[in-house]
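Novice: Take this structure, written in C-alpha cells, and hold onto it; I'll ask about it next.
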Amino acid sequence: MTDTNTYEIFLVAPPGLEPVLADEARAAGFATPTASPGGVTIHGDWAEIWRANLTLRGATRVLVRLGSFRAFHLAQLDKRARKFPWADVLRSDVPVRVEAVCKRSKIYHHKAAAQRVETAIKETLGAPISKDAALVLKVRIDDNLVTISLDTSGESLHKRGHKTATGKAPMRETLAALFLKAAGYDGQEPVLDPMCGSGTFLIEAAEMSVGLMPGRARHFAFEHLASFDAKAFARINTAPRVEVAEGPPRFFGSDRNAGAIANSRQNAQAAGVAPLTHFTEAAISDLERPDAPPGLVIVNPPYGGRIGNKKLLFALYGTLGKVLMERFAGWRVAIITSDGGLAKATGLPFLPPGPPVDHGGTKVKLYQTAELP
C-alpha cells in the first residue's frame, strides 16, 4: 500500500544556502520549492519524501508535516494529541521520542509539552518512548498552533554511508555540495582542490558528474514507519549502479599532509569514484596545473579559528593566489573562508562574496572569481 496523500515537506538547509537547495530541488523535479529561513518547502507524497532523502545532496534533513491543531493549555494538547492519527504513520513496535519548541504561546514549557505528546502516543498507539530513539517527532507550538512534523532522515544526511576517514575541521558533504553548486559546478568540468583534506569536494563533484545518488549506501528513519513500502522504495532506489570506467581523471586533489592524501584515496575508493580522481602530496607552492581543460578550483583553507596561526595564514593565502594567477589561466576559483582580509590577501579578482553560512559554528562566505586571465 502506498499513501498518495500530499504532504508539506521541509528540507533543512544551512542558513545562507537555502536558495541553492531550492534550485537543486527544482532541477530534480520536486514540486514548488520555496526557500525560507533554515530550509526549503516542497510538496509531495511518501515516494517524494523517500526520493528527497535519497537524491538531494544539499539537504541536511527531510521533515514531513503530519498535521496541526490549536491548543491553549496542556490538557487541550493532551486531548488533541490522543485524537491524532498516529497509526497512519508510526508503528506500535518502533520506539519514538518527541522534541518540542514553544514560542509566543500559552503553553510555554517545552518539556511538559513533549511529555504530553509522548504519553498520548504511548497510550493510544502502544509505541515505546525512548530518549535514544532514532525516530524523532518535532512538535512546534507557535502562537498556540501545534504543528507536528516527523524527521524522516534519521542521521544527518551529510553522512553518506561510505566515508571512512576524516581529518580535522572537515567540510560536511551537504555543505560541500551546496558550495559546488553555488560556484556554478554543473557536473561537467574538471575540479581541483589544492587543500583537499579527506577529499570531500572532489568526491561530491565526482559523484555528481556520474549521477550517483548521495543516499545510496545508507539507511533512513522512514524505513521504520507504518507508511513505508519496501517494494515501492526499491523501485526508486534502483539508481543506475554506475560503473565508473577507467580514464583520464577529472577530479584533482593535493595536500601537504600525507595522511590527508591517504584518507582521500580511501574515501574515493569507498564511494566508487576512485578512477575519476587523482590525489598528490604537495605544498601549495608546488601545485601544478593538471592536464585537463580549464575548470573549477575550490578550496576551504584554514582560517585561524581552530586551525593555523593568523600571520602564517596571510602568507599561505598570498602564495595560493600567486600560484593560481600564474598557472591557472581560464580556471574559476572558489574559496570558502571566514575572513575577508585573508580572501583579499590572495590578490585574486573576486566577485562580491556570497551570504554568511554557518560552518561548524563559524560564519564563512564563498568568494569566487570569473575565469582567471
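Chain identifiers are assigned as A, B, and so on, following the order in which chains appear in the C-alpha cells; residues are numbered from 1 within each chain, and ligands are numbered from 1 in order of appearance.
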From a backbone DSSP assignment, name each residue in range 193-289 of chain A labelled strand (DSSP E), as number ranges by chain.

Specialist: A: 193, 251-255, 277-281

Novice: So that I can see what lies close to His278 in chain A, please list as a ChimeraX atom specification the residues with an atom at most 8 Å from it, counting only C-alpha atoms and leaving out residues fewer than 6 positions away in the same chain.

Specialist: /A:249-253

Novice: Expressed in Å to a single decimal, how great is the separation between CA of Val62 in chain A and CA of Ala274 in chain A?

Specialist: 29.4 Å

Novice: Give me every alpha helix (DSSP H) residue in range 138-369 of chain A, going by DSSP on the backbone, as a VMD selection string.

Specialist: chain A and resid 173 to 182 200 to 210 230 to 236 258 to 271 310 to 327 340 to 345

Novice: Hey, which of A:Pro373, A:Ser338, A:Gly29, A:Phe220 ends up closest to Phe233 in chain A? Count only C-alpha atoms.

Specialist: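 The closest residue to Phe233 in chain A is A:Phe220.
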
Novice: Between A:Leu192, A:Ala183, A:Pro301, A:Arg235, which one has atoms that come closest to Glu288 in chain A, using only C-alpha atoms?

Specialist: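 Using only C-alpha atoms, Glu288 in chain A sits closest to A:Leu192.
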
Novice: Leaving out Ala182 in chain A and any residue of its chain fewer than 2 positions from it, which residues lie within 12 Å of it when counting only C-alpha atoms, given as number ranges by chain?

Specialist: A: 16-24, 58, 175-180, 184-186, 296, 298, 333-336, 353-355, 365-368

Novice: Could those residues be written to a file, using N, CA, C and O atoms, as a short mmCIF file (atom, residue, chain, number, x, y, z; two decimals), in the first residue's frame?

Specialist:
```
data_model
loop_
_atom_site.label_atom_id
_atom_site.label_comp_id
_atom_site.auth_asym_id
_atom_site.auth_seq_id
_atom_site.Cartn_x
_atom_site.Cartn_y
_atom_site.Cartn_z
N GLY A 16 21.67 30.56 4.80
CA GLY A 16 22.51 31.26 3.83
C GLY A 16 22.52 30.56 2.48
O GLY A 16 22.75 31.16 1.44
N LEU A 17 22.26 29.23 2.49
CA LEU A 17 22.30 28.47 1.23
C LEU A 17 20.93 27.91 0.83
O LEU A 17 20.84 27.06 -0.05
N GLU A 18 19.86 28.42 1.45
CA GLU A 18 18.51 27.93 1.12
C GLU A 18 18.18 28.08 -0.37
O GLU A 18 17.63 27.14 -0.96
N PRO A 19 18.50 29.23 -1.01
CA PRO A 19 18.17 29.35 -2.44
C PRO A 19 18.90 28.34 -3.32
O PRO A 19 18.36 27.90 -4.34
N VAL A 20 20.10 27.95 -2.91
CA VAL A 20 20.87 26.96 -3.69
C VAL A 20 20.19 25.59 -3.60
O VAL A 20 20.06 24.87 -4.59
N LEU A 21 19.71 25.25 -2.39
CA LEU A 21 18.98 23.99 -2.23
C LEU A 21 17.65 24.03 -2.99
O LEU A 21 17.24 23.03 -3.59
N ALA A 22 16.99 25.18 -2.99
CA ALA A 22 15.73 25.32 -3.74
C ALA A 22 15.98 25.07 -5.23
O ALA A 22 15.20 24.38 -5.90
N ASP A 23 17.10 25.58 -5.74
CA ASP A 23 17.45 25.35 -7.15
C ASP A 23 17.69 23.86 -7.41
O ASP A 23 17.28 23.32 -8.43
N GLU A 24 18.39 23.20 -6.46
CA GLU A 24 18.66 21.77 -6.62
C GLU A 24 17.34 20.98 -6.65
O GLU A 24 17.15 20.09 -7.48
N GLY A 58 22.10 18.60 -1.04
CA GLY A 58 22.27 19.74 -0.15
C GLY A 58 21.41 19.75 1.09
O GLY A 58 21.63 20.54 1.99
N LEU A 175 27.17 20.54 2.81
CA LEU A 175 27.67 21.91 2.62
C LEU A 175 28.58 21.98 1.39
O LEU A 175 28.49 22.92 0.60
N ALA A 176 29.44 20.98 1.23
CA ALA A 176 30.34 20.94 0.07
C ALA A 176 29.53 20.91 -1.23
O ALA A 176 29.85 21.62 -2.19
N ALA A 177 28.46 20.10 -1.25
CA ALA A 177 27.63 20.00 -2.46
C ALA A 177 26.98 21.34 -2.79
O ALA A 177 26.94 21.75 -3.96
N LEU A 178 26.49 22.04 -1.76
CA LEU A 178 25.85 23.34 -1.99
C LEU A 178 26.86 24.39 -2.44
O LEU A 178 26.58 25.21 -3.32
N PHE A 179 28.06 24.37 -1.86
CA PHE A 179 29.09 25.32 -2.29
C PHE A 179 29.52 25.04 -3.74
O PHE A 179 29.76 25.97 -4.52
N LEU A 180 29.61 23.76 -4.12
CA LEU A 180 29.92 23.42 -5.51
C LEU A 180 28.87 24.01 -6.45
O LEU A 180 29.20 24.61 -7.47
N GLY A 184 28.80 27.32 -9.35
CA GLY A 184 28.48 27.10 -10.77
C GLY A 184 28.89 25.75 -11.31
O GLY A 184 28.86 25.53 -12.52
N TYR A 185 29.26 24.81 -10.44
CA TYR A 185 29.66 23.48 -10.93
C TYR A 185 28.44 22.75 -11.48
O TYR A 185 27.41 22.64 -10.81
N ASP A 186 28.56 22.25 -12.70
CA ASP A 186 27.42 21.61 -13.37
C ASP A 186 27.61 20.12 -13.63
O ASP A 186 26.81 19.48 -14.32
N LEU A 296 37.13 24.26 -12.35
CA LEU A 296 36.90 24.98 -11.10
C LEU A 296 37.94 24.57 -10.06
O LEU A 296 38.13 23.38 -9.80
N ILE A 298 38.30 24.77 -6.18
CA ILE A 298 37.51 25.07 -4.98
C ILE A 298 38.30 24.64 -3.76
O ILE A 298 38.89 23.55 -3.75
N VAL A 333 37.90 30.26 -9.67
CA VAL A 333 38.34 29.93 -8.30
C VAL A 333 37.21 30.22 -7.32
O VAL A 333 36.54 31.25 -7.43
N ALA A 334 37.00 29.29 -6.39
CA ALA A 334 36.04 29.49 -5.30
C ALA A 334 36.75 29.17 -3.98
O ALA A 334 37.29 28.07 -3.83
N ILE A 335 36.76 30.14 -3.08
CA ILE A 335 37.41 29.95 -1.77
C ILE A 335 36.37 30.17 -0.68
O ILE A 335 35.63 31.15 -0.71
N ILE A 336 36.34 29.25 0.28
CA ILE A 336 35.44 29.39 1.44
C ILE A 336 36.30 29.82 2.62
O ILE A 336 37.23 29.12 3.01
N PRO A 353 31.20 38.65 -2.41
CA PRO A 353 31.06 37.33 -1.78
C PRO A 353 29.61 36.94 -1.56
O PRO A 353 28.71 37.78 -1.59
N GLY A 354 29.40 35.63 -1.35
CA GLY A 354 28.07 35.11 -1.06
C GLY A 354 27.67 35.45 0.37
O GLY A 354 28.44 36.05 1.13
N PRO A 355 26.46 35.03 0.79
CA PRO A 355 25.98 35.34 2.14
C PRO A 355 26.75 34.55 3.19
O PRO A 355 27.36 33.52 2.88
N LYS A 365 32.05 32.62 4.15
CA LYS A 365 31.46 33.10 2.90
C LYS A 365 32.18 32.46 1.73
O LYS A 365 33.36 32.07 1.84
N LEU A 366 31.48 32.36 0.62
CA LEU A 366 32.06 31.85 -0.62
C LEU A 366 32.55 33.04 -1.45
O LEU A 366 31.76 33.91 -1.82
N TYR A 367 33.84 33.06 -1.70
CA TYR A 367 34.45 34.10 -2.56
C TYR A 367 34.79 33.41 -3.88
O TYR A 367 35.48 32.40 -3.89
N GLN A 368 34.31 33.97 -4.99
CA GLN A 368 34.63 33.33 -6.26
C GLN A 368 35.01 34.33 -7.34
O GLN A 368 34.65 35.52 -7.27
#
```

Novice: What's around range 65-73 of chain A at 6 Å? Count only C-alpha atoms, leave out sequence neighbours fewer than 6 positions away in its own chain, and write the answer as a PyMOL selection string.

Specialist: chain A and resi 8+106-107+144-149

Novice: Hey, could you make a per-residue contact list for range 146-255 of chain A against range 74-92 of chain A with 6 Å as the cut-off, showing the nearest pair of atoms and its distance in Å to one decimal, counting only C-alpha atoms, sorted by chain and number, as JSON lines?

Specialist:
```
{"residue": "A:Leu225", "atom": "CA", "partner": "A:Leu90", "partner_atom": "CA", "distance": 5.2}
{"residue": "A:Ala226", "atom": "CA", "partner": "A:Val89", "partner_atom": "CA", "distance": 4.9}
{"residue": "A:Ser227", "atom": "CA", "partner": "A:Val89", "partner_atom": "CA", "distance": 5.2}
```

Novice: Taking all heavy atoms for each residue, export the selection above as an mmCIF file, in the first residue's frame.

Specialist:
```cif
data_model
loop_
_atom_site.group_PDB
_atom_site.id
_atom_site.type_symbol
_atom_site.label_atom_id
_atom_site.label_comp_id
_atom_site.auth_asym_id
_atom_site.auth_seq_id
_atom_site.Cartn_x
_atom_site.Cartn_y
_atom_site.Cartn_z
ATOM 1 N N LEU A 225 8.690 3.262 9.433
ATOM 2 C CA LEU A 225 7.350 3.839 9.577
ATOM 3 C C LEU A 225 6.276 2.895 9.040
ATOM 4 O O LEU A 225 6.541 2.074 8.160
ATOM 5 C CB LEU A 225 7.272 5.173 8.817
ATOM 6 C CG LEU A 225 8.214 6.289 9.294
ATOM 7 C CD1 LEU A 225 8.104 7.495 8.375
ATOM 8 C CD2 LEU A 225 7.895 6.680 10.736
ATOM 9 N N ALA A 226 5.056 3.076 9.538
ATOM 10 C CA ALA A 226 3.918 2.292 9.037
ATOM 11 C C ALA A 226 3.648 2.623 7.571
ATOM 12 O O ALA A 226 3.119 1.805 6.822
ATOM 13 C CB ALA A 226 2.679 2.601 9.881
ATOM 14 N N SER A 227 4.027 3.839 7.142
ATOM 15 C CA SER A 227 3.763 4.292 5.766
ATOM 16 C C SER A 227 4.821 3.788 4.782
ATOM 17 O O SER A 227 4.752 4.088 3.593
ATOM 18 C CB SER A 227 3.751 5.822 5.740
ATOM 19 O OG SER A 227 4.943 6.325 6.315
#
```

Novice: To one decimal in Å, tell me the separation between CA of Pro128 in chain A and CA of Leu157 in chain A.

Specialist: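 One can read the CA of Pro128 in chain A to CA of Leu157 in chain A distance as 25.3 Å.
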
Novice: When distances are computed from only C-alpha atoms, which of A:Asp193, A:Glu223, A:Asp339, A:Glu204 shows the smallest separation from Val299 in chain A?

Specialist: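 Of A:Asp193, A:Glu223, A:Asp339, A:Glu204, the one nearest Val299 in chain A is A:Asp193, counting only C-alpha atoms.
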
Novice: Using only C-alpha atoms, pick whichever of A:Thr6, A:Thr119, A:Ser156, A:Ser254 has the shortest atom-to-atom distance to Arg289 in chain A.

Specialist: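 Once distances to Arg289 in chain A are computed over only C-alpha atoms, the minimum belongs to A:Ser254.
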
Novice: Hey, which bits of range 12-121 of chain A sit within 12 Å of range 214-217 of chain A, and for each residue what's the closest pair of atoms and how far apart in Å (one decimal), counting only C-alpha atoms, rows by chain and increasing number, as CSV?

Specialist:
```
residue,atom,partner,partner_atom,distance
A:Trp50,CA,A:Gly215,CA,10.1
A:Arg51,CA,A:Gly215,CA,9.4
A:Ala52,CA,A:Gly215,CA,9.4
A:Asn53,CA,A:Gly215,CA,6.7
A:Leu54,CA,A:Gly215,CA,4.4
A:Thr55,CA,A:Pro214,CA,5.8
A:Leu56,CA,A:Pro214,CA,7.1
A:Arg57,CA,A:Pro214,CA,6.1
A:Gly58,CA,A:Pro214,CA,9.6
A:Ala59,CA,A:Pro214,CA,10.6
A:Thr60,CA,A:Gly215,CA,11.7
A:Arg61,CA,A:Gly215,CA,11.7
```

Novice: Export N, CA and C atoms of the chosen residues as a PDB file, in the first residue's frame?

Specialist:
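Wrote it out as part11.pdb, contents follow:
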```
ATOM      1  N   TRP A  50      10.790   9.898   0.259  1.00  0.00           N
ATOM      2  CA  TRP A  50      11.909   8.943   0.133  1.00  0.00           C
ATOM      3  C   TRP A  50      12.926   9.462  -0.884  1.00  0.00           C
ATOM      4  N   ARG A  51      12.406   9.965  -2.009  1.00  0.00           N
ATOM      5  CA  ARG A  51      13.298  10.428  -3.094  1.00  0.00           C
ATOM      6  C   ARG A  51      14.138  11.630  -2.648  1.00  0.00           C
ATOM      7  N   ALA A  52      13.535  12.521  -1.852  1.00  0.00           N
ATOM      8  CA  ALA A  52      14.282  13.685  -1.356  1.00  0.00           C
ATOM      9  C   ALA A  52      15.456  13.245  -0.490  1.00  0.00           C
ATOM     10  N   ASN A  53      15.216  12.281   0.400  1.00  0.00           N
ATOM     11  CA  ASN A  53      16.298  11.757   1.247  1.00  0.00           C
ATOM     12  C   ASN A  53      17.395  11.103   0.426  1.00  0.00           C
ATOM     13  N   LEU A  54      16.986  10.384  -0.579  1.00  0.00           N
ATOM     14  CA  LEU A  54      17.909   9.573  -1.369  1.00  0.00           C
ATOM     15  C   LEU A  54      18.747  10.390  -2.352  1.00  0.00           C
ATOM     16  N   THR A  55      18.145  11.459  -2.914  1.00  0.00           N
ATOM     17  CA  THR A  55      18.774  12.107  -4.076  1.00  0.00           C
ATOM     18  C   THR A  55      19.266  13.527  -3.869  1.00  0.00           C
ATOM     19  N   LEU A  56      18.751  14.250  -2.875  1.00  0.00           N
ATOM     20  CA  LEU A  56      19.161  15.653  -2.738  1.00  0.00           C
ATOM     21  C   LEU A  56      20.481  15.759  -1.981  1.00  0.00           C
ATOM     22  N   ARG A  57      21.457  16.373  -2.591  1.00  0.00           N
ATOM     23  CA  ARG A  57      22.798  16.469  -1.990  1.00  0.00           C
ATOM     24  C   ARG A  57      22.903  17.546  -0.933  1.00  0.00           C
ATOM     25  N   GLY A  58      22.095  18.596  -1.044  1.00  0.00           N
ATOM     26  CA  GLY A  58      22.271  19.742  -0.153  1.00  0.00           C
ATOM     27  C   GLY A  58      21.409  19.747   1.088  1.00  0.00           C
ATOM     28  N   ALA A  59      20.404  18.863   1.158  1.00  0.00           N
ATOM     29  CA  ALA A  59      19.501  18.857   2.319  1.00  0.00           C
ATOM     30  C   ALA A  59      20.175  18.200   3.513  1.00  0.00           C
ATOM     31  N   THR A  60      20.035  18.812   4.693  1.00  0.00           N
ATOM     32  CA  THR A  60      20.589  18.238   5.924  1.00  0.00           C
ATOM     33  C   THR A  60      19.649  17.181   6.497  1.00  0.00           C
ATOM     34  N   ARG A  61      18.331  17.457   6.417  1.00  0.00           N
ATOM     35  CA  ARG A  61      17.286  16.543   6.874  1.00  0.00           C
ATOM     36  C   ARG A  61      16.040  16.771   6.050  1.00  0.00           C
TER      37      ARG A  61
END
```
